[in-house]
Amino acid sequence: KSELAKNKKEFEKSKKEANTKIQEAQDKLNDAKADVKKIEKGKWYVQDRLDNTGYNNIFDAIKTMSNISKMFPVIFYLVAVLISLTSMTRMIEEERVEIGTLKAMGYTNMQIISKYIIYSLFACIIGGVLGMTVGLYLLPNIVWMLYSMIYNLPEFYCTYRVEIGLLGIIIAFICIGGATIIVATNELKQMPAVLMRPKPPKKGKRILLERIKFIWKRFNFSQKVTARNIFRYKKRAIMTIIGIAGCTGLMLTGFGIRDSVIDIPSVQFRKIFSYDLSISLTNTKGLEELNEYLSNNENIKNYTEICATTAKLGEKNYNVTVFVPKNTEDLNNSFNLTNPKTGEKINLNDDEIIISDKIADMIGANIGDEVTFIDGDDISYKFKVKDIMKNYVGHYVFMSRTFYENNIRQYKTNMIFVNTNENLNADVQNNISQEILNIEGVASVSVISSLMKSVSDMLNTMNYVVIILIVASALLAFVVLYNLANINIAERQREIATLKVLGFYDKEVDNYINKENIIFTIIAIVIGLVLGTFLTSGIISSIEIDSLRFMRHILPISYVYSAVITFVFSIIVNFIIHFVLKKIDMIESLKSVE
């Protein structure tokens with residue numbers, strides 16, 4: 001009995017202890033449930049590929065390339081068609097005697113014209129096929145190879161886009177064939193006897209310069225002849241000037257696009273953003289320890305605590321990054337906010353917001369206007385724009401902590417921008433980054449140089465394409481110069497042969513012809529540089545992507561490069577023409593016109 005009583009007592013004790021533990025567990029469970037109820041309801045954030053930085057970079061680069069491809073080919077095409085028109089016109093004029101003979105033999109006008117139409121058609125088809133092959137295989141593969149140097153891209157498969165090539169061939173044939181029909185029809189209006197005689201050279205006329213006696217009397221014989229010839233062949237002069245000016249303008253545009261993007265990374269991430277490291281926080285548990293580390297590290301000059309968030313601005317909901325500094329005075333440590341027009345310093349106050357200039361243009365906002373601001377919770381506000389800041393990469397909104405807390409929500413530090421001492425090497429920066437990453441609550445540390453590299457990589461692809469455009473423009477300039485120079489000689493072969501008979505030396509004949517080409521080139525270069533300035537502005541406006549603002553300026557050296565390249569090609573063409581002139585036979589001048 002005593003043993004049973006003892007066991008019963010122990011059982012009661014165990015039961016009591018078990019009940020106590022159960023109660024304690026239940027209390028803990030209840031406390032946990034209460035804590036769970038206190039947790040704010042979670043939000044789902046669905047991100048698509050547009051939220052990926054790498055995808056955005058290559059997408060923006062491709063968009064820029066697409067915009068370039070809409071502008072430059074049109075200008076190249078216009079210059080090429082212009083030269084083709086000149087060549088076909090000259091061909092018909094050179095074959096006047098043959099046309100007159102065919103007409104005298106009974107051939108109809110349509111039969112004669114069809115010869116030149118077929119010739120121009122075959123020229124368009126052969127040139128178009130060759131151009132399609134180069135344009136659809138060589139250039140896309142070069143561009144893809146350049147992009148592959150920066151991005152991890154799949155294998156590139158180039159397709160033969162027949163519809164694009166056919167469109168180009170049809171447009172070329174309409175322009176060239178149409179001009180051929182018009183010129184041939186005008187020639188065929190004359191009688192066969194008239195056509196069978198060479199076209200008489202244009203008569204020399206007194207020019208305006210001759211009436212300015214104090215200038216004209218200072219010209220020597222060669223200079224007077226050159227001045228008269230310039231006004232004597234007005235059509236050729238205009239075609240030469242337009243062709244060379246177009247090529248010079250294209251070259252300057254290529255250089256101008258390069259100048260407009262080359263300095264963006266350094267200006268954005270050295271002058272506008274002046275910090276060296278950016279720290280992202282997941283929570284503020286280690287913020288006190290982080291502040292202590294940053295304050296006591298001798299390699300760190302200062303830092304700025306920021307509440308960074310995303311929002312949408314304007315009626316079309318453009319994405320922007322919002323920066324709210326903990327202390328307004330500290331903002332100048334990491335950012336240099338200036339007016340894009342005056343360059344004056346902008347200060348942040350407690351009443352209004354500051355937005356970047358590109359987003360201001362996109363939503364049509366000016367200083368003093370109210371803009372729609374939608375925060376991360378899709379709550380819409382109307383805020384007044386206090387000022388607009390200069391910026392090149394991305395879209396930003398700045399507001400004070402007081403303004404943020406009074407209008408949106410409670411301030412919470414989630415980013416810190418750090419300024420290190422000047423000339424601090426990369427190894428020390430990396431060590432600082434590693435030490436910061438070991439502090440609780442730190443999610444990541446980004447070095448500003450990596451952001452610079454990311455933007456530079458995106459812009460470098462454009463620079464490579466610009467180089468291709470510059471080379472193509474230079475080659476086109478050479479073709480234009482050479483073609484027009486040959487046409488000039490063909491038109492004046494009897495005249496040049498006559499000069500040789502009269503005793504002109506080869507050097508004098510060269511000067512007689514080449515002086516005109518040099519004068520045309522100089523005039524065309526001046527016009528082309530002016531044209532290129534406006535063309536650069538127009539093309540930059542069309543190729544500029546939403547998240548990037550180009551600097552829109554052309555360096556003086558780019559004007560020099562464009563002018564010198566065109567002039568050098570002119571000298572090379574003149575050198576080649578020297579040998580063409582030497583081959584002209586003096587007997588040509590003695591041949592009877594009859």
# chains A, B, ... in the order shown; residues from 1 in each chain; ligands from 1

call {"tool": "residues_around", "arguments": {"residues": "range 252-267 of chain A", "least_positions_apart": "5", "cutoff": "7 Å", "atoms": "only C-alpha atoms", "output": "list in words"}}
result
Ile272, Tyr392, Met452, Val455, Ser456, Leu459, Asn463, Val466, Leu469, Ile470, Leu529, Gly532, Leu535, Thr536, Ile540, Phe550, Met551, Arg552, His553, Ile554, Leu555, Ser558, Tyr559 and Ser562 of chain A

call {"tool": "residues_around", "arguments": {"residues": "Ile99 in chain A", "least_positions_apart": "3", "cutoff": "10 Å", "atoms": "only C-alpha atoms", "output": "MDAnalysis selection string"}}
result
chainID A and resid 92:96 102:105 107 109 112:113 184 187:188 192 195:196

call {"tool": "atom_distance", "arguments": {"atom1": "CA of Met132 in chain A", "atom2": "CA of Val479 in chain A"}}
result
18.9 Å

call {"tool": "residues_around", "arguments": {"residues": "Val324 in chain A", "least_positions_apart": "2", "cutoff": "9 Å", "atoms": "only C-alpha atoms", "output": "ChimeraX atom specification"}}
result
/A:305-309,322,326-328,331,397-401,404,411,413

call {"tool": "select_by_dssp", "arguments": {"residues": "range 150-338 of chain A", "states": "alpha helix (DSSP H)", "output": "JSON, numbers by chain"}}
result
{"A": [162, 163, 164, 165, 166, 167, 168, 169, 170, 171, 172, 173, 174, 175, 176, 177, 178, 179, 180, 181, 182, 183, 184, 185, 186, 187, 188, 192, 193, 194, 195, 213, 214, 215, 216, 221, 222, 223, 224, 225, 226, 227, 228, 229, 230, 231, 232, 234, 235, 236, 237, 238, 239, 240, 241, 242, 243, 244, 245, 246, 247, 248, 249, 250, 251, 252, 253, 254, 255, 256, 257, 258, 259, 260, 261, 262, 264, 265, 266, 287, 288, 289, 290, 291, 292, 293, 294, 295, 296, 331, 332, 333, 334]}

call {"tool": "closest_residue", "arguments": {"among": "A:Ile242, A:Val81, A:Ile169, A:Leu294", "to": "Leu481 in chain A", "atoms": "only C-alpha atoms"}}
result
A:Ile242

call {"tool": "residues_around", "arguments": {"residues": "range 335-339 of chain A", "least_positions_apart": "6", "cutoff": "9 Å", "atoms": "only C-alpha atoms", "output": "number ranges by chain"}}
result
A: 271-275, 345-347, 357, 387-391

call {"tool": "write_last_selection", "arguments": {"atoms": "all heavy atoms", "output": "CSV table (one decimal), in the first residue's frame"}}
result
chain,number,residue,atom,x,y,z
A,271,LYS,N,30.6,64.5,-60.9
A,271,LYS,CA,30.2,65.9,-60.6
A,271,LYS,C,28.8,66.0,-60.0
A,271,LYS,O,28.6,66.6,-59.0
A,271,LYS,CB,30.3,66.7,-61.9
A,271,LYS,CG,31.7,66.9,-62.4
A,271,LYS,CD,31.8,67.7,-63.6
A,271,LYS,CE,33.2,67.9,-64.1
A,271,LYS,NZ,33.3,68.8,-65.3
A,272,ILE,N,27.8,65.3,-60.6
A,272,ILE,CA,26.5,65.3,-60.1
A,272,ILE,C,26.3,64.4,-58.9
A,272,ILE,O,25.8,64.8,-57.9
A,272,ILE,CB,25.5,65.0,-61.2
A,272,ILE,CG1,25.5,66.0,-62.4
A,272,ILE,CG2,24.0,64.9,-60.7
A,272,ILE,CD1,24.7,65.6,-63.6
A,273,PHE,N,26.7,63.2,-59.1
A,273,PHE,CA,26.8,62.2,-57.9
A,273,PHE,C,28.3,62.2,-57.5
A,273,PHE,O,29.2,61.7,-58.1
A,273,PHE,CB,26.5,60.8,-58.3
A,273,PHE,CG,25.0,60.6,-58.7
A,273,PHE,CD1,24.1,61.6,-58.6
A,273,PHE,CD2,24.5,59.3,-59.0
A,273,PHE,CE1,22.8,61.5,-58.9
A,273,PHE,CE2,23.2,59.2,-59.3
A,273,PHE,CZ,22.3,60.2,-59.3
A,274,SER,N,28.5,62.8,-56.3
A,274,SER,CA,29.9,62.9,-55.8
A,274,SER,C,30.3,61.9,-54.8
A,274,SER,O,31.4,62.0,-54.2
A,274,SER,CB,30.1,64.4,-55.2
A,274,SER,OG,29.1,64.6,-54.2
A,275,TYR,N,29.4,60.9,-54.5
A,275,TYR,CA,29.8,59.9,-53.5
A,275,TYR,C,30.6,58.8,-54.1
A,275,TYR,O,30.7,58.7,-55.4
A,275,TYR,CB,28.6,59.3,-52.8
A,275,TYR,CG,27.6,58.6,-53.8
A,275,TYR,CD1,27.8,57.3,-54.1
A,275,TYR,CD2,26.5,59.3,-54.3
A,275,TYR,CE1,26.9,56.7,-55.0
A,275,TYR,CE2,25.6,58.7,-55.2
A,275,TYR,CZ,25.8,57.4,-55.5
A,275,TYR,OH,25.0,56.8,-56.4
A,345,LYS,N,23.6,76.8,-58.1
A,345,LYS,CA,23.4,75.7,-57.1
A,345,LYS,C,21.9,75.7,-56.7
A,345,LYS,O,21.3,76.8,-56.5
A,345,LYS,CB,24.3,76.0,-55.9
A,345,LYS,CG,24.3,74.9,-54.8
A,345,LYS,CD,25.1,73.8,-55.2
A,345,LYS,CE,25.2,72.7,-54.1
A,345,LYS,NZ,26.0,71.5,-54.5
A,346,ILE,N,21.4,74.5,-56.5
A,346,ILE,CA,20.0,74.4,-56.0
A,346,ILE,C,20.0,73.8,-54.6
A,346,ILE,O,20.6,72.9,-54.3
A,346,ILE,CB,19.2,73.4,-57.0
A,346,ILE,CG1,19.1,74.0,-58.4
A,346,ILE,CG2,17.8,73.2,-56.4
A,346,ILE,CD1,18.5,73.0,-59.4
A,347,ASN,N,19.2,74.5,-53.8
A,347,ASN,CA,19.0,74.0,-52.4
A,347,ASN,C,17.7,73.4,-52.1
A,347,ASN,O,16.7,73.9,-52.7
A,347,ASN,CB,19.2,75.2,-51.4
A,347,ASN,CG,20.7,75.8,-51.5
A,347,ASN,OD1,21.6,75.0,-51.5
A,347,ASN,ND2,20.8,77.1,-51.6
A,357,ASP,N,16.0,67.0,-65.0
A,357,ASP,CA,15.5,67.8,-66.2
A,357,ASP,C,14.9,66.9,-67.2
A,357,ASP,O,14.0,67.3,-67.9
A,357,ASP,CB,16.7,68.6,-66.7
A,357,ASP,CG,17.9,67.8,-67.0
A,357,ASP,OD1,17.9,66.6,-66.7
A,357,ASP,OD2,18.9,68.3,-67.5
A,387,ASP,N,12.2,73.2,-58.1
A,387,ASP,CA,13.3,73.4,-59.0
A,387,ASP,C,13.6,72.2,-59.9
A,387,ASP,O,13.1,71.1,-59.6
A,387,ASP,CB,14.6,73.8,-58.3
A,387,ASP,CG,15.2,75.1,-58.8
A,387,ASP,OD1,15.2,75.3,-60.0
A,387,ASP,OD2,15.7,75.9,-57.9
A,388,ILE,N,14.3,72.4,-61.0
A,388,ILE,CA,14.7,71.3,-61.9
A,388,ILE,C,16.2,71.2,-61.9
A,388,ILE,O,16.9,72.2,-62.1
A,388,ILE,CB,14.2,71.6,-63.3
A,388,ILE,CG1,12.6,71.6,-63.3
A,388,ILE,CG2,14.7,70.5,-64.3
A,388,ILE,CD1,12.0,72.0,-64.6
A,389,MET,N,16.8,70.0,-61.7
A,389,MET,CA,18.2,69.8,-61.6
A,389,MET,C,18.8,69.2,-62.9
A,389,MET,O,18.1,68.5,-63.6
A,389,MET,CB,18.5,68.9,-60.4
A,389,MET,CG,17.9,67.5,-60.5
A,389,MET,SD,18.7,66.2,-59.5
A,389,MET,CE,20.2,65.9,-60.4
A,390,LYS,N,20.0,69.5,-63.1
A,390,LYS,CA,20.7,68.9,-64.3
A,390,LYS,C,21.1,67.4,-64.0
A,390,LYS,O,21.6,67.1,-62.9
A,390,LYS,CB,22.0,69.7,-64.6
A,390,LYS,CG,22.8,69.1,-65.8
A,390,LYS,CD,23.9,70.0,-66.2
A,390,LYS,CE,25.0,70.1,-65.2
A,390,LYS,NZ,26.2,70.8,-65.6
A,391,ASN,N,20.8,66.5,-64.9
A,391,ASN,CA,21.1,65.1,-64.7
A,391,ASN,C,21.1,64.4,-66.1
A,391,ASN,O,20.5,64.9,-67.1
A,391,ASN,CB,19.9,64.5,-63.9
A,391,ASN,CG,20.2,63.1,-63.5
A,391,ASN,OD1,21.1,62.8,-62.7
A,391,ASN,ND2,19.5,62.1,-64.1

call {"tool": "residues_around", "arguments": {"residues": "Ala497 in chain A", "least_positions_apart": "5", "cutoff": "12 Å", "atoms": "only C-alpha atoms", "output": "PyMOL selection string"}}
result
chain A and resi 489-492+502-506+509+581-591

call {"tool": "write_last_selection", "arguments": {"atoms": "N, CA, C and O atoms", "output": "short mmCIF file (atom, residue, chain, number, x, y, z; two decimals), in the first residue's frame"}}
result
data_model
loop_
_atom_site.label_atom_id
_atom_site.label_comp_id
_atom_site.auth_asym_id
_atom_site.auth_seq_id
_atom_site.Cartn_x
_atom_site.Cartn_y
_atom_site.Cartn_z
N ILE A 489 35.90 66.45 -115.87
CA ILE A 489 36.90 66.25 -116.93
C ILE A 489 36.23 65.78 -118.23
O ILE A 489 36.57 66.24 -119.32
N ALA A 490 35.26 64.87 -118.08
CA ALA A 490 34.57 64.36 -119.27
C ALA A 490 33.83 65.48 -120.00
O ALA A 490 33.79 65.52 -121.24
N GLU A 491 33.23 66.39 -119.22
CA GLU A 491 32.49 67.50 -119.81
C GLU A 491 33.42 68.45 -120.57
O GLU A 491 33.03 69.07 -121.56
N ARG A 492 34.66 68.56 -120.11
CA ARG A 492 35.55 69.61 -120.63
C ARG A 492 36.80 69.03 -121.30
O ARG A 492 37.86 69.65 -121.32
N LEU A 502 47.53 74.94 -126.77
CA LEU A 502 47.94 76.34 -126.62
C LEU A 502 49.22 76.49 -125.81
O LEU A 502 49.71 77.62 -125.65
N GLY A 503 49.73 75.39 -125.27
CA GLY A 503 51.02 75.46 -124.58
C GLY A 503 50.97 75.38 -123.07
O GLY A 503 52.00 75.60 -122.41
N PHE A 504 49.80 75.06 -122.50
CA PHE A 504 49.72 74.92 -121.05
C PHE A 504 50.51 73.69 -120.61
O PHE A 504 50.39 72.61 -121.19
N TYR A 505 51.32 73.85 -119.57
CA TYR A 505 52.03 72.70 -119.00
C TYR A 505 51.06 71.86 -118.17
O TYR A 505 49.96 72.30 -117.80
N ASP A 506 51.52 70.61 -117.86
CA ASP A 506 50.66 69.71 -117.07
C ASP A 506 50.28 70.33 -115.73
O ASP A 506 49.14 70.21 -115.27
N VAL A 509 47.62 72.91 -116.25
CA VAL A 509 46.32 72.27 -116.52
C VAL A 509 45.72 71.73 -115.21
O VAL A 509 44.51 71.84 -114.96
N LEU A 581 44.33 63.64 -116.35
CA LEU A 581 44.54 64.80 -117.23
C LEU A 581 45.72 64.59 -118.17
O LEU A 581 45.70 65.04 -119.33
N LYS A 582 46.74 63.91 -117.69
CA LYS A 582 47.93 63.68 -118.52
C LYS A 582 47.59 62.79 -119.72
O LYS A 582 48.24 62.88 -120.78
N LYS A 583 46.60 61.93 -119.59
CA LYS A 583 46.25 60.99 -120.66
C LYS A 583 45.39 61.63 -121.76
O LYS A 583 45.17 61.01 -122.80
N ILE A 584 44.88 62.84 -121.52
CA ILE A 584 44.04 63.49 -122.53
C ILE A 584 44.91 63.86 -123.74
O ILE A 584 45.94 64.53 -123.60
N ASP A 585 44.48 63.42 -124.88
CA ASP A 585 45.25 63.62 -126.11
C ASP A 585 44.96 65.00 -126.70
O ASP A 585 43.80 65.42 -126.81
N MET A 586 46.02 65.72 -127.12
CA MET A 586 45.85 67.05 -127.70
C MET A 586 45.13 67.01 -129.03
O MET A 586 44.54 67.99 -129.48
N ILE A 587 45.14 65.86 -129.69
CA ILE A 587 44.46 65.74 -130.99
C ILE A 587 42.96 65.92 -130.84
O ILE A 587 42.27 66.30 -131.78
N GLU A 588 42.45 65.65 -129.60
CA GLU A 588 41.01 65.81 -129.36
C GLU A 588 40.56 67.21 -129.75
O GLU A 588 39.45 67.40 -130.25
N SER A 589 41.40 68.23 -129.50
CA SER A 589 40.99 69.60 -129.77
C SER A 589 40.98 69.90 -131.26
O SER A 589 40.38 70.89 -131.70
N LEU A 590 41.67 69.06 -132.06
CA LEU A 590 41.77 69.32 -133.49
C LEU A 590 40.72 68.57 -134.29
O LEU A 590 40.60 68.78 -135.50
N LYS A 591 39.97 67.69 -133.60
CA LYS A 591 38.94 66.93 -134.31
C LYS A 591 37.82 67.88 -134.72
O LYS A 591 37.36 68.70 -133.94
#

call {"tool": "closest_residue", "arguments": {"among": "A:Phe11, A:Phe569, A:Tyr303, A:Phe269", "to": "Thr420 in chain A", "atoms": "only C-alpha atoms"}}
result
A:Tyr303

call {"tool": "closest_residue", "arguments": {"among": "A:Ile300, A:Ile576, A:Leu548, A:Leu121", "to": "Lys358 in chain A", "atoms": "only C-alpha atoms"}}
result
A:Leu548

call {"tool": "select_by_dssp", "arguments": {"residues": "range 165-313 of chain A", "states": "strand (DSSP E)", "output": "list in words"}}
result
Leu277, Ser278, Ile279, Ser280, Leu281, Ile300, Lys301, Asn302, Tyr303, Thr304, Glu305, Ile306, Cys307, Ala308, Thr309, Thr310, Ala311, Lys312 and Leu313 of chain A

call {"tool": "closest_residue", "arguments": {"among": "A:Met415, A:Ile571, A:Ile58, A:Cys124", "to": "Lys515 in chain A", "atoms": "only C-alpha atoms"}}
result
A:Ile571

call {"tool": "closest_residue", "arguments": {"among": "A:Leu78, A:Val183, A:Thr566, A:Asp276", "to": "Asn430 in chain A", "atoms": "only C-alpha atoms"}}
result
A:Asp276

call {"tool": "atom_distance", "arguments": {"atom1": "CA of Val560 in chain A", "atom2": "CA of Cys247 in chain A"}}
result
14.5 Å
